[in-house]
Amino acid sequence: MGRVVAVLNQKGGVGKTTITLGLASAAASAGQRVLVVDLDPQGSSTWVLGHDPTSLETTLAEVMGRTPTTRAMLPSAWGGEVWVVPSSPRLLSRDHGGNPARLRAALDEVVDQFHMVLIDCPPSLGSLTTSGLAAADHAVIVVEPSALSLRGIGAVADLVDEVWDAHNPDLELAGVVVNKVPGVSSEADRRYDELTRTVGKRAVWQPVVPHRVIVNQAIGERRPIHAYGSRSADVSEAFDRLWAKLRRVTKD
Ligand SMILES: Nc1ncnc2c1ncn2[C@@H]1O[C@H](COP(=O)(O)OP(=O)(O)OP(=O)(O)O)[C@@H](O)[C@H]1O
Ligand SMILES: [Mg+2]
């Protein structure tokens, strides 16, 4: 139970931000409210959602230092359904130590206002990601079907276990989302099979998210993937189905 979801992997560039924002786009198109919590000092999701992480005074960094969440939270440029707790480069100083329970308390203040809270984690397994997991009810790991992406997945699963054990008995590993899947590739097929052998077939969510130029374009243009109509129809549909799955998982 609970609707706070951490999207993570210590590997950079696999699509944590893209998956978080694709789910937010699906939520908005279904008229449901989501809060994106940008836990990455790089501030990518903050930027895509219409805010400049380098010029904001009150951000997640201040919330981690006990500023009320409502003072940092902003509506996104995507419309009233999607809100963001923005990042700032100041968050970097919070990746070493700090109270892992603080973020959970901060999100408890606002979680009732949303159908889902999505935490976009940084590409590390440090204190920030630990805080994200301590605040979450469910963890979703994002991977690419490549050898290097799969190598690190054990360490991510171990951190989920550690945080469950030390800070958050409610935390569950919801599953693995496979992103950037090429149309035809025997290498990707082999990696997909390897993934299902490693984590179990049930843990790998369907559908996978295809590798498509329009996804990259939407991020660059700071627009929701659903804004591209027929040009993004297959990707938008994948996100709609993943969103529906996440809604089921968080209601159980
Ligand atoms: N399905 C996809 N098809 C095409 N491009 C994609 C897809 N998913 C992600 N990308 C592109 O890959 C790059 C990395 O994606 P993204 O920023 O979401 O990864 P990340 O895991 O959040 O990275 P970081 O570790 O830096 O936070 C971006 O340029 C994004 O547009
Ligand atoms: Mg990211």
# chains A, B, ... in the order shown; residues from 1 in each chain; ligands from 1

call {"tool": "select_by_dssp", "arguments": {"residues": "range 105-182 of chain A", "states": "strand (DSSP E)", "output": "tab-separated table (two decimals) with C-alpha atoms, in the first residue's frame"}}
result
chain	number	residue	atom	x	y	z
A	116	MET	CA	1.04	9.21	-7.15
A	117	VAL	CA	4.38	10.63	-6.08
A	118	LEU	CA	7.27	9.70	-8.41
A	119	ILE	CA	10.83	10.14	-7.14
A	120	ASP	CA	13.39	10.58	-9.94
A	138	HIS	CA	7.66	0.89	-4.12
A	139	ALA	CA	10.93	0.85	-6.05
A	140	VAL	CA	11.03	0.61	-9.84
A	141	ILE	CA	14.41	-0.14	-11.44
A	142	VAL	CA	14.98	1.14	-14.97
A	143	VAL	CA	17.38	-0.77	-17.21
A	172	GLU	CA	8.75	-3.23	-1.97
A	173	LEU	CA	10.62	-3.86	-5.18
A	174	ALA	CA	7.76	-3.37	-7.63
A	175	GLY	CA	9.66	-4.41	-10.72
A	176	VAL	CA	12.03	-3.62	-13.55
A	177	VAL	CA	11.11	-1.39	-16.51
A	178	VAL	CA	13.12	-2.06	-19.66

call {"tool": "closest_atom_pairs", "arguments": {"of": "range 217-237 of chain A", "to": "range 23-37 of chain A", "cutoff": "12 Å", "atoms": "only C-alpha atoms", "output": "Markdown table"}}
result
| residue | atom | partner | partner_atom | distance |
| --- | --- | --- | --- | --- |
| A:Ala218 | CA | A:Ser25 | CA | 10.9 |
| A:Ile219 | CA | A:Ser25 | CA | 11.5 |
| A:Arg222 | CA | A:Ser25 | CA | 11.4 |
| A:Arg223 | CA | A:Ser25 | CA | 8.9 |
| A:Pro224 | CA | A:Ser25 | CA | 5.3 |
| A:Ile225 | CA | A:Ser25 | CA | 6.4 |
| A:His226 | CA | A:Ser25 | CA | 6.3 |
| A:Ala227 | CA | A:Ser25 | CA | 8.7 |
| A:Tyr228 | CA | A:Ser25 | CA | 11.3 |
| A:Gly229 | CA | A:Ser29 | CA | 11.6 |
| A:Ala233 | CA | A:Ala26 | CA | 11.7 |
| A:Val235 | CA | A:Ala26 | CA | 10.4 |
| A:Ser236 | CA | A:Ala26 | CA | 7.1 |
| A:Glu237 | CA | A:Ala26 | CA | 8.4 |

call {"tool": "write_last_selection", "arguments": {"atoms": "C-alpha atoms", "output": "PDB file, in the first residue's frame"}}
result
ATOM      1  CA  ALA A 218      10.080  15.352 -26.315  1.00  0.00           C
ATOM      2  CA  ILE A 219      12.686  15.616 -23.537  1.00  0.00           C
ATOM      3  CA  ARG A 222      10.395  19.912 -22.605  1.00  0.00           C
ATOM      4  CA  ARG A 223       6.993  18.558 -23.594  1.00  0.00           C
ATOM      5  CA  PRO A 224       4.982  15.528 -22.456  1.00  0.00           C
ATOM      6  CA  ILE A 225       5.276  12.554 -24.822  1.00  0.00           C
ATOM      7  CA  HIS A 226       1.491  12.509 -25.165  1.00  0.00           C
ATOM      8  CA  ALA A 227       1.636  15.953 -26.836  1.00  0.00           C
ATOM      9  CA  TYR A 228       2.971  14.414 -30.051  1.00  0.00           C
ATOM     10  CA  GLY A 229      -0.207  12.614 -31.098  1.00  0.00           C
ATOM     11  CA  ALA A 233       1.356   6.861 -30.288  1.00  0.00           C
ATOM     12  CA  VAL A 235       5.424   5.086 -26.937  1.00  0.00           C
ATOM     13  CA  SER A 236       2.536   6.957 -25.305  1.00  0.00           C
ATOM     14  CA  GLU A 237       0.561   3.723 -25.236  1.00  0.00           C
TER      15      GLU A 237
END

call {"tool": "closest_atom_pairs", "arguments": {"of": "chain A", "to": "ligand 1", "cutoff": "10 Å", "atoms": "only C-alpha atoms and all ligand atoms", "output": "Markdown table"}}
result
| residue | atom | partner | partner_atom_place_in_ligand_line | distance |
| --- | --- | --- | --- | --- |
| A:Val7 | CA | ligand 1 | 22 (O) | 9.1 |
| A:Leu8 | CA | ligand 1 | 21 (O) | 7.8 |
| A:Asn9 | CA | ligand 1 | 21 (O) | 7.2 |
| A:Gln10 | CA | ligand 1 | 25 (O) | 7.1 |
| A:Lys11 | CA | ligand 1 | 25 (O) | 6.0 |
| A:Gly12 | CA | ligand 1 | 25 (O) | 3.1 |
| A:Gly13 | CA | ligand 1 | 23 (O) | 3.3 |
| A:Val14 | CA | ligand 1 | 21 (O) | 4.0 |
| A:Gly15 | CA | ligand 1 | 18 (O) | 3.2 |
| A:Lys16 | CA | ligand 1 | 22 (O) | 3.8 |
| A:Thr17 | CA | ligand 1 | 22 (O) | 3.6 |
| A:Thr18 | CA | ligand 1 | 18 (O) | 3.6 |
| A:Ile19 | CA | ligand 1 | 18 (O) | 6.5 |
| A:Thr20 | CA | ligand 1 | 18 (O) | 8.0 |
| A:Leu21 | CA | ligand 1 | 18 (O) | 8.3 |
| A:Gly22 | CA | ligand 1 | 8 (N) | 9.4 |
| A:Asp38 | CA | ligand 1 | 27 (O) | 9.9 |
| A:Leu39 | CA | ligand 1 | 27 (O) | 9.5 |
| A:Asp40 | CA | ligand 1 | 27 (O) | 6.7 |
| A:Pro41 | CA | ligand 1 | 27 (O) | 9.1 |
| A:Gln42 | CA | ligand 1 | 27 (O) | 7.3 |
| A:Gly43 | CA | ligand 1 | 27 (O) | 8.5 |
| A:Ser44 | CA | ligand 1 | 17 (O) | 6.8 |
| A:Ser45 | CA | ligand 1 | 22 (O) | 8.2 |
| A:Asp120 | CA | ligand 1 | 22 (O) | 7.4 |
| A:Cys121 | CA | ligand 1 | 27 (O) | 7.1 |
| A:Pro122 | CA | ligand 1 | 27 (O) | 5.3 |
| A:Pro123 | CA | ligand 1 | 25 (O) | 4.3 |
| A:Ser124 | CA | ligand 1 | 25 (O) | 8.0 |
| A:Val142 | CA | ligand 1 | 21 (O) | 7.6 |
| A:Val143 | CA | ligand 1 | 21 (O) | 8.5 |
| A:Glu144 | CA | ligand 1 | 8 (N) | 8.9 |
| A:Val178 | CA | ligand 1 | 1 (N) | 9.0 |
| A:Asn179 | CA | ligand 1 | 1 (N) | 5.3 |
| A:Lys180 | CA | ligand 1 | 1 (N) | 4.0 |
| A:Val181 | CA | ligand 1 | 1 (N) | 6.9 |
| A:Pro182 | CA | ligand 1 | 3 (N) | 8.7 |
| A:Val208 | CA | ligand 1 | 1 (N) | 9.1 |
| A:Val209 | CA | ligand 1 | 1 (N) | 5.6 |
| A:Pro210 | CA | ligand 1 | 1 (N) | 5.1 |
| A:His211 | CA | ligand 1 | 3 (N) | 3.5 |
| A:Arg212 | CA | ligand 1 | 3 (N) | 4.0 |
| A:Val213 | CA | ligand 1 | 4 (C) | 5.0 |
| A:Ile214 | CA | ligand 1 | 4 (C) | 6.8 |
| A:Val215 | CA | ligand 1 | 4 (C) | 4.9 |
| A:Asn216 | CA | ligand 1 | 31 (O) | 3.4 |
| A:Gln217 | CA | ligand 1 | 31 (O) | 6.8 |
| A:Ala218 | CA | ligand 1 | 31 (O) | 7.5 |
| A:Ile219 | CA | ligand 1 | 31 (O) | 5.4 |
| A:Gly220 | CA | ligand 1 | 31 (O) | 7.0 |
| A:Val235 | CA | ligand 1 | 1 (N) | 7.9 |

call {"tool": "write_last_selection", "arguments": {"atoms": "N, CA and C atoms", "output": "compact mmCIF listing (two decimals), in the first residue's frame"}}
result
# COMPACT_ATOMS: atom_id res chain seq x y z
N VAL A 7 12.07 5.77 -8.64
CA VAL A 7 12.54 5.27 -9.93
C VAL A 7 14.06 5.35 -9.90
N LEU A 8 14.74 4.21 -9.99
CA LEU A 8 16.18 4.27 -9.74
C LEU A 8 17.02 3.31 -10.58
N ASN A 9 18.29 3.59 -10.59
CA ASN A 9 19.39 2.76 -11.06
C ASN A 9 20.65 3.60 -10.87
N GLN A 10 21.73 2.98 -10.43
CA GLN A 10 22.93 3.81 -10.24
C GLN A 10 23.58 4.12 -11.57
N LYS A 11 23.24 3.36 -12.60
CA LYS A 11 23.81 3.61 -13.92
C LYS A 11 23.18 4.87 -14.52
N GLY A 12 24.02 5.71 -15.09
CA GLY A 12 23.54 6.95 -15.69
C GLY A 12 22.94 6.71 -17.07
N GLY A 13 21.99 7.56 -17.44
CA GLY A 13 21.50 7.60 -18.81
C GLY A 13 20.63 6.45 -19.27
N VAL A 14 20.17 5.60 -18.34
CA VAL A 14 19.33 4.47 -18.76
C VAL A 14 17.88 4.90 -19.02
N GLY A 15 17.50 6.05 -18.46
CA GLY A 15 16.14 6.56 -18.69
C GLY A 15 15.28 6.71 -17.44
N LYS A 16 15.91 6.88 -16.29
CA LYS A 16 15.13 7.10 -15.06
C LYS A 16 14.22 8.32 -15.22
N THR A 17 14.82 9.41 -15.71
CA THR A 17 14.06 10.66 -15.87
C THR A 17 12.99 10.50 -16.96
N THR A 18 13.36 9.85 -18.05
CA THR A 18 12.42 9.65 -19.15
C THR A 18 11.22 8.81 -18.70
N ILE A 19 11.48 7.75 -17.95
CA ILE A 19 10.39 6.89 -17.47
C ILE A 19 9.52 7.65 -16.47
N THR A 20 10.16 8.36 -15.55
CA THR A 20 9.40 9.16 -14.57
C THR A 20 8.47 10.13 -15.29
N LEU A 21 9.03 10.84 -16.28
CA LEU A 21 8.24 11.86 -16.97
C LEU A 21 7.22 11.25 -17.93
N GLY A 22 7.55 10.10 -18.52
CA GLY A 22 6.57 9.40 -19.36
C GLY A 22 5.37 8.96 -18.54
N ASP A 38 12.27 15.64 -7.74
CA ASP A 38 13.54 15.57 -8.48
C ASP A 38 14.70 15.46 -7.49
N LEU A 39 15.12 14.23 -7.28
CA LEU A 39 16.16 13.94 -6.29
C LEU A 39 17.56 13.99 -6.91
N ASP A 40 17.64 14.38 -8.17
CA ASP A 40 18.93 14.40 -8.87
C ASP A 40 19.47 15.84 -8.92
N PRO A 41 20.67 16.07 -8.36
CA PRO A 41 21.25 17.42 -8.39
C PRO A 41 21.39 17.98 -9.81
N GLN A 42 21.42 17.10 -10.83
CA GLN A 42 21.47 17.57 -12.22
C GLN A 42 20.18 18.29 -12.62
N GLY A 43 19.09 17.99 -11.94
CA GLY A 43 17.83 18.71 -12.16
C GLY A 43 17.18 18.52 -13.51
N SER A 44 17.39 17.36 -14.14
CA SER A 44 16.82 17.16 -15.48
C SER A 44 15.29 17.21 -15.47
N SER A 45 14.65 16.52 -14.57
CA SER A 45 13.18 16.51 -14.63
C SER A 45 12.62 17.88 -14.25
N ASP A 120 12.37 10.78 -8.90
CA ASP A 120 13.39 10.58 -9.94
C ASP A 120 14.76 10.60 -9.25
N CYS A 121 15.36 9.42 -9.08
CA CYS A 121 16.61 9.30 -8.31
C CYS A 121 17.83 9.63 -9.16
N PRO A 122 18.92 10.08 -8.51
CA PRO A 122 20.16 10.34 -9.24
C PRO A 122 20.89 9.04 -9.59
N PRO A 123 21.83 9.10 -10.54
CA PRO A 123 22.56 7.89 -10.91
C PRO A 123 23.65 7.54 -9.90
N SER A 124 23.23 7.22 -8.69
CA SER A 124 24.20 6.81 -7.67
C SER A 124 23.45 5.98 -6.64
N VAL A 142 14.98 0.96 -13.52
CA VAL A 142 14.98 1.14 -14.97
C VAL A 142 16.28 0.59 -15.53
N VAL A 143 16.18 -0.23 -16.57
CA VAL A 143 17.38 -0.77 -17.21
C VAL A 143 17.28 -0.64 -18.73
N GLU A 144 18.43 -0.72 -19.37
CA GLU A 144 18.50 -0.87 -20.82
C GLU A 144 18.87 -2.32 -21.11
N VAL A 178 12.07 -1.99 -18.65
CA VAL A 178 13.12 -2.06 -19.66
C VAL A 178 12.89 -0.94 -20.66
N ASN A 179 13.89 -0.08 -20.82
CA ASN A 179 13.78 1.11 -21.67
C ASN A 179 14.75 1.01 -22.85
N LYS A 180 14.50 1.81 -23.87
CA LYS A 180 15.39 1.90 -25.04
C LYS A 180 15.53 0.55 -25.74
N VAL A 181 14.43 -0.12 -25.92
CA VAL A 181 14.48 -1.42 -26.58
C VAL A 181 14.44 -1.21 -28.09
N PRO A 182 15.48 -1.67 -28.81
CA PRO A 182 15.52 -1.47 -30.26
C PRO A 182 14.52 -2.37 -30.97
N VAL A 208 7.68 -3.21 -22.61
CA VAL A 208 8.96 -2.53 -22.58
C VAL A 208 8.79 -1.20 -23.33
N VAL A 209 9.71 -0.26 -23.10
CA VAL A 209 9.62 1.04 -23.78
C VAL A 209 10.60 1.05 -24.96
N PRO A 210 10.08 1.26 -26.16
CA PRO A 210 10.94 1.20 -27.34
C PRO A 210 11.92 2.37 -27.41
N HIS A 211 13.04 2.14 -28.09
CA HIS A 211 13.97 3.22 -28.37
C HIS A 211 13.45 4.00 -29.56
N ARG A 212 13.09 5.26 -29.33
CA ARG A 212 12.49 6.06 -30.39
C ARG A 212 12.98 7.50 -30.33
N VAL A 213 13.31 8.06 -31.48
CA VAL A 213 13.81 9.43 -31.55
C VAL A 213 12.84 10.43 -30.93
N ILE A 214 11.55 10.17 -31.07
CA ILE A 214 10.54 11.11 -30.55
C ILE A 214 10.65 11.26 -29.02
N VAL A 215 11.12 10.21 -28.35
CA VAL A 215 11.28 10.27 -26.89
C VAL A 215 12.34 11.30 -26.54
N ASN A 216 13.45 11.21 -27.24
CA ASN A 216 14.55 12.16 -27.05
C ASN A 216 14.10 13.58 -27.40
N GLN A 217 13.33 13.69 -28.47
CA GLN A 217 12.85 15.00 -28.91
C GLN A 217 11.93 15.63 -27.86
N ALA A 218 11.02 14.84 -27.32
CA ALA A 218 10.08 15.35 -26.31
C ALA A 218 10.84 15.90 -25.11
N ILE A 219 11.87 15.16 -24.68
CA ILE A 219 12.69 15.62 -23.54
C ILE A 219 13.35 16.95 -23.89
N GLY A 220 13.94 17.02 -25.09
CA GLY A 220 14.63 18.24 -25.50
C GLY A 220 13.70 19.44 -25.64
N VAL A 235 4.73 4.84 -28.20
CA VAL A 235 5.42 5.09 -26.94
C VAL A 235 4.43 5.56 -25.87

call {"tool": "closest_atom_pairs", "arguments": {"of": "range 122-240 of chain A", "to": "range 52-69 of chain A", "cutoff": "12 Å", "atoms": "only C-alpha atoms", "output": "tab-separated table"}}
result
residue	atom	partner	partner_atom	distance
A:Ser127	CA	A:Met64	CA	11.6
A:Leu128	CA	A:Met64	CA	9.9
A:Ser131	CA	A:Met64	CA	9.6
A:Gly132	CA	A:Met64	CA	11.2
A:Ala135	CA	A:Met64	CA	11.9
A:Arg222	CA	A:Asp52	CA	11.8

call {"tool": "closest_residue", "arguments": {"among": "A:Ala157, A:Val4, A:Leu103, A:Ala72", "to": "Ser88 in chain A", "atoms": "only C-alpha atoms"}}
result
A:Ala72

call {"tool": "atom_distance", "arguments": {"atom1": "CA of Val156 in chain A", "atom2": "CA of Arg104 in chain A"}}
result
19.7 Å

call {"tool": "residues_around", "arguments": {"residues": "range 162-169 of chain A", "least_positions_apart": "4", "cutoff": "9 Å", "atoms": "only C-alpha atoms", "output": "list in words"}}
result
Pro100, Ala101, Thr130, Ser131, Leu133, Ala134, Ala135, Ala136, Asp137, Ala157 and Asp158 of chain A

call {"tool": "closest_atom_pairs", "arguments": {"of": "range 82-123 of chain A", "to": "range 47-51 of chain A", "cutoff": "9 Å", "atoms": "only C-alpha atoms", "output": "Markdown table"}}
result
| residue | atom | partner | partner_atom | distance |
| --- | --- | --- | --- | --- |
| A:Val82 | CA | A:Leu49 | CA | 8.4 |
| A:Trp83 | CA | A:Leu49 | CA | 8.4 |
| A:Val84 | CA | A:Leu49 | CA | 7.5 |
| A:Pro86 | CA | A:His51 | CA | 7.6 |
| A:Ser87 | CA | A:Trp47 | CA | 9.0 |

call {"tool": "atom_distance", "arguments": {"atom1": "CA of Thr196 in chain A", "atom2": "CA of Ile153 in chain A"}}
result
12.1 Å

call {"tool": "atom_distance", "arguments": {"atom1": "CA of Asp240 in chain A", "atom2": "CA of Val85 in chain A"}}
result
23.0 Å
